[in-house]
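Undergrad: The file below is work18.txt, compact mmCIF, N, CA and C atoms:
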```txt
# COMPACT_ATOMS: atom_id res chain seq x y z
N MET A 1 92.20 107.59 93.69
CA MET A 1 92.76 106.33 94.12
C MET A 1 92.90 105.42 92.91
N ARG A 2 93.91 104.58 92.96
CA ARG A 2 94.14 103.59 91.90
C ARG A 2 94.10 102.20 92.51
N ILE A 3 93.50 101.28 91.78
CA ILE A 3 93.44 99.88 92.20
C ILE A 3 94.11 99.04 91.12
N LEU A 4 95.14 98.33 91.50
CA LEU A 4 95.86 97.46 90.58
C LEU A 4 95.20 96.08 90.55
N VAL A 5 94.93 95.59 89.34
CA VAL A 5 94.38 94.25 89.16
C VAL A 5 95.41 93.47 88.34
N ASN A 6 96.16 92.60 89.01
CA ASN A 6 97.20 91.83 88.33
C ASN A 6 96.71 90.39 88.16
N PHE A 7 95.89 90.19 87.14
CA PHE A 7 95.37 88.87 86.78
C PHE A 7 95.76 88.62 85.33
N PRO A 8 96.60 87.62 85.05
CA PRO A 8 97.01 87.38 83.66
C PRO A 8 95.89 86.86 82.76
N ASP A 9 94.91 86.15 83.34
CA ASP A 9 93.82 85.62 82.54
C ASP A 9 92.82 86.74 82.24
N PRO A 10 92.63 87.08 80.96
CA PRO A 10 91.75 88.21 80.62
C PRO A 10 90.31 88.04 81.12
N ALA A 11 89.77 86.84 81.08
CA ALA A 11 88.39 86.63 81.54
C ALA A 11 88.26 86.86 83.04
N GLU A 12 89.23 86.35 83.81
CA GLU A 12 89.21 86.55 85.26
C GLU A 12 89.43 88.02 85.60
N ARG A 13 90.35 88.66 84.89
CA ARG A 13 90.63 90.09 85.12
C ARG A 13 89.39 90.93 84.82
N ASP A 14 88.73 90.67 83.69
CA ASP A 14 87.54 91.44 83.33
C ASP A 14 86.42 91.23 84.34
N ALA A 15 86.25 89.99 84.81
CA ALA A 15 85.20 89.71 85.80
C ALA A 15 85.46 90.49 87.09
N LEU A 16 86.71 90.50 87.56
CA LEU A 16 87.03 91.23 88.78
C LEU A 16 86.88 92.73 88.57
N CYS A 17 87.35 93.24 87.44
CA CYS A 17 87.23 94.68 87.15
C CYS A 17 85.76 95.10 87.08
N ASN A 18 84.92 94.28 86.48
CA ASN A 18 83.48 94.60 86.42
C ASN A 18 82.87 94.63 87.81
N MET A 19 83.28 93.70 88.66
CA MET A 19 82.78 93.67 90.02
C MET A 19 83.27 94.89 90.80
N LEU A 20 84.52 95.28 90.59
CA LEU A 20 85.05 96.47 91.25
C LEU A 20 84.31 97.73 90.78
N ARG A 21 84.00 97.80 89.50
CA ARG A 21 83.23 98.95 89.00
C ARG A 21 81.85 99.02 89.66
N LEU A 22 81.21 97.88 89.80
CA LEU A 22 79.91 97.83 90.46
C LEU A 22 80.04 98.25 91.91
N TRP A 23 81.07 97.77 92.60
CA TRP A 23 81.32 98.16 93.99
C TRP A 23 81.52 99.67 94.09
N MET A 24 82.26 100.26 93.15
CA MET A 24 82.49 101.71 93.17
C MET A 24 81.18 102.47 93.00
N GLU A 25 80.31 101.99 92.11
CA GLU A 25 79.02 102.64 91.92
C GLU A 25 78.17 102.56 93.18
N LEU A 26 78.18 101.41 93.82
CA LEU A 26 77.36 101.22 95.01
C LEU A 26 77.86 101.99 96.23
N THR A 27 79.16 102.25 96.27
CA THR A 27 79.74 102.93 97.44
C THR A 27 80.15 104.37 97.17
N CYS A 28 79.93 104.84 95.97
CA CYS A 28 80.29 106.22 95.59
C CYS A 28 81.79 106.49 95.76
N VAL A 29 82.59 105.50 95.43
CA VAL A 29 84.05 105.64 95.47
C VAL A 29 84.54 105.81 94.04
N SER A 30 85.42 106.77 93.85
CA SER A 30 86.01 106.98 92.54
C SER A 30 87.43 106.43 92.54
N ALA A 31 87.69 105.52 91.62
CA ALA A 31 89.03 104.92 91.53
C ALA A 31 89.31 104.54 90.09
N ASP A 32 90.57 104.55 89.75
CA ASP A 32 91.01 104.08 88.44
C ASP A 32 91.47 102.64 88.59
N LEU A 33 90.97 101.78 87.71
CA LEU A 33 91.43 100.39 87.70
C LEU A 33 92.60 100.29 86.75
N VAL A 34 93.68 99.74 87.24
CA VAL A 34 94.92 99.67 86.49
C VAL A 34 95.34 98.21 86.38
N THR A 35 95.64 97.76 85.17
CA THR A 35 96.16 96.40 85.00
C THR A 35 97.67 96.45 85.10
N ALA A 36 98.29 95.30 85.29
CA ALA A 36 99.74 95.24 85.40
C ALA A 36 100.40 95.77 84.13
N GLU A 37 99.81 95.47 82.97
CA GLU A 37 100.38 95.94 81.70
C GLU A 37 100.33 97.46 81.62
N ALA A 38 99.21 98.06 82.02
CA ALA A 38 99.06 99.51 81.98
C ALA A 38 99.99 100.17 82.98
N GLU A 39 100.19 99.54 84.11
CA GLU A 39 101.08 100.07 85.14
C GLU A 39 102.51 100.14 84.61
N GLU A 40 102.95 99.08 83.93
CA GLU A 40 104.30 99.07 83.37
C GLU A 40 104.44 100.10 82.26
N ALA A 41 103.43 100.22 81.40
CA ALA A 41 103.48 101.16 80.28
C ALA A 41 103.45 102.61 80.75
N GLY A 42 102.69 102.87 81.81
CA GLY A 42 102.54 104.23 82.30
C GLY A 42 103.61 104.65 83.28
N GLY A 43 104.53 103.79 83.57
CA GLY A 43 105.57 104.11 84.52
C GLY A 43 105.10 103.82 85.94
N PRO A 44 105.99 103.99 86.91
CA PRO A 44 105.63 103.68 88.28
C PRO A 44 104.58 104.64 88.81
N GLY A 45 103.66 104.10 89.51
CA GLY A 45 102.63 104.89 90.15
C GLY A 45 102.22 104.17 91.42
N VAL A 46 101.61 104.90 92.30
CA VAL A 46 101.22 104.28 93.56
C VAL A 46 99.78 103.81 93.46
N CYS A 47 99.60 102.54 93.65
CA CYS A 47 98.27 101.94 93.72
C CYS A 47 98.11 101.45 95.16
N PRO A 48 97.31 102.14 95.95
CA PRO A 48 97.19 101.74 97.35
C PRO A 48 96.50 100.41 97.56
N VAL A 49 95.76 99.92 96.55
CA VAL A 49 95.07 98.64 96.66
C VAL A 49 95.45 97.78 95.46
N ALA A 50 95.75 96.51 95.72
CA ALA A 50 96.08 95.59 94.63
C ALA A 50 95.40 94.25 94.84
N PHE A 51 94.93 93.70 93.74
CA PHE A 51 94.41 92.33 93.70
C PHE A 51 95.38 91.55 92.82
N TRP A 52 96.01 90.55 93.41
CA TRP A 52 97.09 89.82 92.73
C TRP A 52 96.73 88.35 92.61
N ASP A 53 96.84 87.82 91.41
CA ASP A 53 96.53 86.42 91.14
C ASP A 53 97.73 85.54 91.49
N LEU A 54 97.61 84.74 92.54
CA LEU A 54 98.70 83.84 92.92
C LEU A 54 98.84 82.67 91.96
N ASP A 55 97.83 82.45 91.12
CA ASP A 55 97.90 81.36 90.15
C ASP A 55 98.66 81.78 88.89
N GLY A 56 99.01 83.05 88.81
CA GLY A 56 99.72 83.58 87.65
C GLY A 56 101.22 83.30 87.74
N PRO A 57 101.96 83.72 86.70
CA PRO A 57 103.38 83.42 86.64
C PRO A 57 104.28 84.25 87.55
N GLU A 58 103.80 85.42 87.98
CA GLU A 58 104.67 86.25 88.81
C GLU A 58 104.05 86.49 90.18
N LEU A 59 104.91 86.67 91.16
CA LEU A 59 104.47 86.91 92.53
C LEU A 59 104.57 88.39 92.83
N PRO A 60 103.84 88.86 93.83
CA PRO A 60 103.90 90.29 94.17
C PRO A 60 105.30 90.68 94.65
N PRO A 61 105.70 91.90 94.32
CA PRO A 61 107.01 92.37 94.80
C PRO A 61 106.94 92.70 96.29
N PRO A 62 108.09 92.72 96.95
CA PRO A 62 108.12 93.03 98.38
C PRO A 62 107.63 94.45 98.70
N THR A 63 107.56 95.31 97.70
CA THR A 63 107.12 96.70 97.93
C THR A 63 105.65 96.79 98.29
N TRP A 64 104.90 95.70 98.22
CA TRP A 64 103.49 95.75 98.57
C TRP A 64 103.26 95.53 100.06
N CYS A 65 104.31 95.44 100.84
CA CYS A 65 104.17 95.17 102.27
C CYS A 65 103.86 96.38 103.15
N PRO A 66 104.11 97.63 102.71
CA PRO A 66 103.91 98.76 103.63
C PRO A 66 102.47 98.84 104.14
N PRO A 67 102.29 99.39 105.34
CA PRO A 67 100.95 99.49 105.93
C PRO A 67 100.04 100.48 105.21
N ASP A 68 100.60 101.32 104.34
CA ASP A 68 99.77 102.28 103.63
C ASP A 68 99.21 101.72 102.32
N ARG A 69 99.30 100.41 102.15
CA ARG A 69 98.76 99.73 100.98
C ARG A 69 97.99 98.49 101.40
N ALA A 70 97.12 98.03 100.51
CA ALA A 70 96.36 96.80 100.77
C ALA A 70 96.62 95.83 99.63
N LEU A 71 97.02 94.63 99.97
CA LEU A 71 97.28 93.58 98.99
C LEU A 71 96.34 92.42 99.24
N PHE A 72 95.54 92.11 98.24
CA PHE A 72 94.65 90.96 98.31
C PHE A 72 95.15 89.92 97.33
N LEU A 73 95.53 88.77 97.85
CA LEU A 73 96.02 87.68 97.02
C LEU A 73 94.86 86.75 96.70
N CYS A 74 94.79 86.29 95.46
CA CYS A 74 93.66 85.49 95.00
C CYS A 74 94.17 84.19 94.37
N SER A 75 93.43 83.11 94.60
CA SER A 75 93.78 81.82 94.01
C SER A 75 92.55 80.92 93.98
N ARG A 76 92.59 79.96 93.07
CA ARG A 76 91.54 78.94 93.04
C ARG A 76 91.81 77.85 94.08
N ASP A 77 93.04 77.77 94.56
CA ASP A 77 93.46 76.73 95.49
C ASP A 77 93.50 77.30 96.92
N PRO A 78 92.61 76.86 97.80
CA PRO A 78 92.59 77.40 99.16
C PRO A 78 93.88 77.11 99.94
N ARG A 79 94.63 76.10 99.52
CA ARG A 79 95.89 75.79 100.21
C ARG A 79 96.94 76.87 99.98
N ARG A 80 96.77 77.68 98.96
CA ARG A 80 97.72 78.76 98.70
C ARG A 80 97.62 79.88 99.73
N ALA A 81 96.55 79.89 100.51
CA ALA A 81 96.38 80.93 101.53
C ALA A 81 97.53 80.89 102.54
N ILE A 82 97.93 79.70 102.94
CA ILE A 82 99.02 79.57 103.91
C ILE A 82 100.32 80.10 103.32
N ALA A 83 100.60 79.75 102.07
CA ALA A 83 101.83 80.23 101.42
C ALA A 83 101.80 81.74 101.21
N SER A 84 100.62 82.32 101.15
CA SER A 84 100.52 83.76 100.90
C SER A 84 100.93 84.60 102.10
N TYR A 85 100.99 84.00 103.29
CA TYR A 85 101.36 84.77 104.49
C TYR A 85 102.72 85.43 104.38
N SER A 86 103.62 84.85 103.61
CA SER A 86 104.96 85.43 103.49
C SER A 86 104.93 86.80 102.81
N PHE A 87 103.83 87.13 102.12
CA PHE A 87 103.70 88.44 101.47
C PHE A 87 103.01 89.46 102.36
N HIS A 88 102.59 89.06 103.54
CA HIS A 88 101.87 89.93 104.48
C HIS A 88 100.66 90.59 103.82
N PRO A 89 99.78 89.78 103.21
CA PRO A 89 98.64 90.37 102.52
C PRO A 89 97.59 90.90 103.49
N THR A 90 96.80 91.80 103.00
CA THR A 90 95.66 92.29 103.76
C THR A 90 94.59 91.20 103.82
N GLY A 91 94.53 90.38 102.76
CA GLY A 91 93.56 89.31 102.73
C GLY A 91 93.82 88.32 101.62
N PHE A 92 93.16 87.19 101.70
CA PHE A 92 93.24 86.14 100.70
C PHE A 92 91.83 85.86 100.22
N LEU A 93 91.62 85.85 98.90
CA LEU A 93 90.30 85.61 98.32
C LEU A 93 90.35 84.42 97.39
N LEU A 94 89.35 83.55 97.50
CA LEU A 94 89.23 82.44 96.56
C LEU A 94 88.60 82.93 95.27
N LYS A 95 89.12 82.44 94.15
CA LYS A 95 88.55 82.78 92.85
C LYS A 95 87.51 81.72 92.49
N PRO A 96 86.48 82.09 91.78
CA PRO A 96 86.15 83.46 91.40
C PRO A 96 85.68 84.26 92.62
N VAL A 97 86.10 85.50 92.66
CA VAL A 97 85.79 86.38 93.79
C VAL A 97 84.31 86.76 93.74
N SER A 98 83.64 86.59 94.85
CA SER A 98 82.23 86.96 94.93
C SER A 98 82.10 88.41 95.37
N MET A 99 80.95 89.01 95.09
CA MET A 99 80.71 90.39 95.50
C MET A 99 80.75 90.50 97.02
N GLU A 100 80.22 89.51 97.71
CA GLU A 100 80.24 89.54 99.18
C GLU A 100 81.67 89.60 99.71
N HIS A 101 82.55 88.77 99.16
CA HIS A 101 83.95 88.77 99.62
C HIS A 101 84.68 90.03 99.18
N LEU A 102 84.35 90.56 98.02
CA LEU A 102 84.97 91.80 97.57
C LEU A 102 84.58 92.95 98.50
N GLN A 103 83.32 93.04 98.86
CA GLN A 103 82.87 94.11 99.76
C GLN A 103 83.57 94.00 101.12
N LYS A 104 83.70 92.80 101.64
CA LYS A 104 84.41 92.62 102.91
C LYS A 104 85.87 93.03 102.78
N ALA A 105 86.49 92.67 101.67
CA ALA A 105 87.89 93.02 101.45
C ALA A 105 88.06 94.54 101.40
N MET A 106 87.18 95.21 100.68
CA MET A 106 87.32 96.66 100.55
C MET A 106 87.02 97.37 101.87
N ARG A 107 86.17 96.81 102.70
CA ARG A 107 85.95 97.39 104.03
C ARG A 107 87.21 97.31 104.87
N GLN A 108 87.99 96.23 104.68
CA GLN A 108 89.24 96.06 105.43
C GLN A 108 90.21 97.19 105.16
N CYS A 109 90.18 97.75 103.97
CA CYS A 109 91.15 98.80 103.63
C CYS A 109 90.46 100.14 103.41
N SER A 110 89.30 100.33 104.02
CA SER A 110 88.54 101.57 103.82
C SER A 110 89.32 102.80 104.25
N ARG A 111 90.25 102.67 105.18
CA ARG A 111 91.06 103.82 105.60
C ARG A 111 91.83 104.42 104.43
N LEU A 112 92.08 103.63 103.38
CA LEU A 112 92.84 104.11 102.23
C LEU A 112 91.99 104.97 101.30
N TRP A 113 90.70 104.76 101.25
CA TRP A 113 89.86 105.52 100.34
C TRP A 113 88.82 106.38 101.04
N PHE A 114 88.58 106.16 102.34
CA PHE A 114 87.55 106.90 103.04
C PHE A 114 87.90 108.37 103.20
N SER A 115 89.17 108.69 103.43
CA SER A 115 89.56 110.10 103.60
C SER A 115 89.30 110.88 102.32
N ALA A 116 89.49 110.25 101.16
CA ALA A 116 89.20 110.93 99.89
C ALA A 116 87.71 111.19 99.75
N LEU A 117 86.89 110.26 100.22
CA LEU A 117 85.44 110.43 100.17
C LEU A 117 85.00 111.57 101.08
N ILE A 118 85.59 111.67 102.27
CA ILE A 118 85.26 112.77 103.19
C ILE A 118 85.67 114.10 102.57
N GLY A 119 86.86 114.13 101.93
CA GLY A 119 87.32 115.36 101.27
C GLY A 119 86.37 115.79 100.16
N LEU A 120 85.89 114.84 99.40
CA LEU A 120 84.95 115.14 98.32
C LEU A 120 83.64 115.66 98.89
N ARG A 121 83.17 115.05 99.95
CA ARG A 121 81.92 115.47 100.56
C ARG A 121 82.02 116.88 101.12
N SER A 122 83.12 117.20 101.79
CA SER A 122 83.28 118.55 102.36
C SER A 122 83.43 119.59 101.27
N THR A 123 84.05 119.20 100.14
CA THR A 123 84.18 120.13 99.01
C THR A 123 82.81 120.44 98.42
N MET A 124 81.97 119.41 98.30
CA MET A 124 80.64 119.60 97.74
C MET A 124 79.76 120.41 98.68
N ALA A 125 79.93 120.25 99.99
CA ALA A 125 79.11 120.96 100.96
C ALA A 125 79.52 122.42 101.09
N GLY A 126 80.79 122.69 100.80
CA GLY A 126 81.32 124.04 100.99
C GLY A 126 81.03 124.91 99.86
```
Could you render the structure from this file as structure tokens?

TA:
Amino acid sequence: MRILVNFPDPAERDALCNMLRLWMELTCVSADLVTAEAEEAGGPGVCPVAFWDLDGPELPPPTWCPPDRALFLCSRDPRRAIASYSFHPTGFLLKPVSMEHLQKAMRQCSRLWFSALIGLRSTMAG
């Protein structure tokens, strides 16, 4: 699984990526964290989960709307939550994102990564 982190501010991006790494360790989920720059350099790829900074210069593309993906929009301004509805996000998170809110967000989209975990478990048991 790949998780896209589109945060233009390096400090905010690193903080979220570190929290995601900790979440992966705690939940035994294996995922690659991909930044927007790496995504562009590596060509198109499917990232079923994305964390997008609404305070940044670019908005999420309409391609993040399908039900087989999860889009979490993040902002320091709680009033941006209402404007985010037009993107049909899976959730809205206030920055800085706390571990509690990150865990809740990832539970919302567990269907995207849980099947891979079951596959890994059955492979190890077999």

Undergrad: Just want the 6 Å neighbourhood of Trp52 (chain A), counted on only N, CA and C atoms, with same-chain residues fewer than 4 positions away dropped. Output as a list in words.

TA: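 After dropping sequence-adjacent residues, the list is Val5, Asn6, Phe7, Phe72, Leu73 and Cys74 of chain A.
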
Undergrad: Would you save the residues of that selection, restricted to N, CA and C atoms, as a PDB file, in the coordinates of the input?

TA:
```pdb
ATOM      1  N   VAL A   5      94.930  95.590  89.340  1.00  0.00           N
ATOM      2  CA  VAL A   5      94.380  94.250  89.160  1.00  0.00           C
ATOM      3  C   VAL A   5      95.410  93.470  88.340  1.00  0.00           C
ATOM      4  N   ASN A   6      96.160  92.600  89.010  1.00  0.00           N
ATOM      5  CA  ASN A   6      97.200  91.830  88.330  1.00  0.00           C
ATOM      6  C   ASN A   6      96.710  90.390  88.160  1.00  0.00           C
ATOM      7  N   PHE A   7      95.890  90.190  87.140  1.00  0.00           N
ATOM      8  CA  PHE A   7      95.370  88.870  86.780  1.00  0.00           C
ATOM      9  C   PHE A   7      95.760  88.620  85.330  1.00  0.00           C
ATOM     10  N   PHE A  72      95.540  92.110  98.240  1.00  0.00           N
ATOM     11  CA  PHE A  72      94.650  90.960  98.310  1.00  0.00           C
ATOM     12  C   PHE A  72      95.150  89.920  97.330  1.00  0.00           C
ATOM     13  N   LEU A  73      95.530  88.770  97.850  1.00  0.00           N
ATOM     14  CA  LEU A  73      96.020  87.680  97.020  1.00  0.00           C
ATOM     15  C   LEU A  73      94.860  86.750  96.700  1.00  0.00           C
ATOM     16  N   CYS A  74      94.790  86.290  95.460  1.00  0.00           N
ATOM     17  CA  CYS A  74      93.660  85.490  95.000  1.00  0.00           C
ATOM     18  C   CYS A  74      94.170  84.190  94.370  1.00  0.00           C
TER      19      CYS A  74
END
```

Undergrad: Looking only at the backbone, which of the residues in region 1-39 of chain A does DSSP tag as strand (DSSP E or B), as a list in words?

TA: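 Reading the DSSP output for region 1-39 of chain A, strand (DSSP E or B) covers Arg2, Ile3, Leu4, Val5, Asn6, Asp32, Leu33, Val34 and Thr35 of chain A.
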
Undergrad: So that I can check the surroundings of Pro78 (chain A), please list as number ranges by chain every protein, DNA and RNA residue that reaches within 9 Å of it, counting only C-alpha atoms and ignoring chain neighbours fewer than 6 positions away.

TA: A: 92-94

Undergrad: Please measure the separation of CA of Ala81 (chain A) and atom N of Glu58 (chain A), giving the value in Å to one decimal.

TA: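 According to the coordinates, CA of Ala81 (chain A) and atom N of Glu58 (chain A) are separated by 16.1 Å.
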
Undergrad: Work out how far atom N of Pro96 (chain A) is from atom N of Arg79 (chain A), in Å to one decimal.

TA: 12.7 Å

Undergrad: Would you compute the distance between CA of Leu102 (chain A) and atom C of Cys28 (chain A)? Give it in Å to one decimal.

TA: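 Those two atoms sit 15.1 Å apart.
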
Undergrad: In terms of the shortest atom-to-atom distance over only C-alpha atoms, which of A:Leu71, A:Ala36, A:Val29, A:Met106 is closest to Gly56 (chain A)?

TA: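 Ranking A:Leu71, A:Ala36, A:Val29, A:Met106 by distance to Gly56 (chain A), first place goes to A:Ala36.
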
Undergrad: Quick one: of A:Leu59, A:Trp23, A:Ala83, A:Leu112, who's nearest to Met99 (chain A), counting only N, CA and C atoms?

TA: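 Checking each of A:Leu59, A:Trp23, A:Ala83, A:Leu112 against Met99 (chain A), counting only N, CA and C atoms, the winner is A:Trp23.
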
Undergrad: Go through A:Met1, A:Arg80, A:Gln103, A:Asn18 and flag the residue nearest Pro48 (chain A), using all atoms listed in the file for the distances.

TA: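 Counting all atoms listed in the file, the residue closest to Pro48 (chain A) is A:Met1.
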
Undergrad: Go through A:Thr35, A:Thr90, A:Val46, A:Val97 and flag the residue nearest Pro8 (chain A), using only C-alpha atoms for the distances.

TA: A:Thr35

Undergrad: Which residues in region 4-123 of chain A does DSSP call helix (DSSP H, G or I)? List them as a PyMOL selection string.

TA: chain A and resi 10-27+36-41+62-64+80-87+99-108+110-123

Undergrad: Can you work out which one of A:Leu33, A:Leu26, A:Ile82, A:Leu16 has the shortest atom-to-atom distance to Asp53 (chain A), counting only C-alpha atoms?

TA: A:Leu16
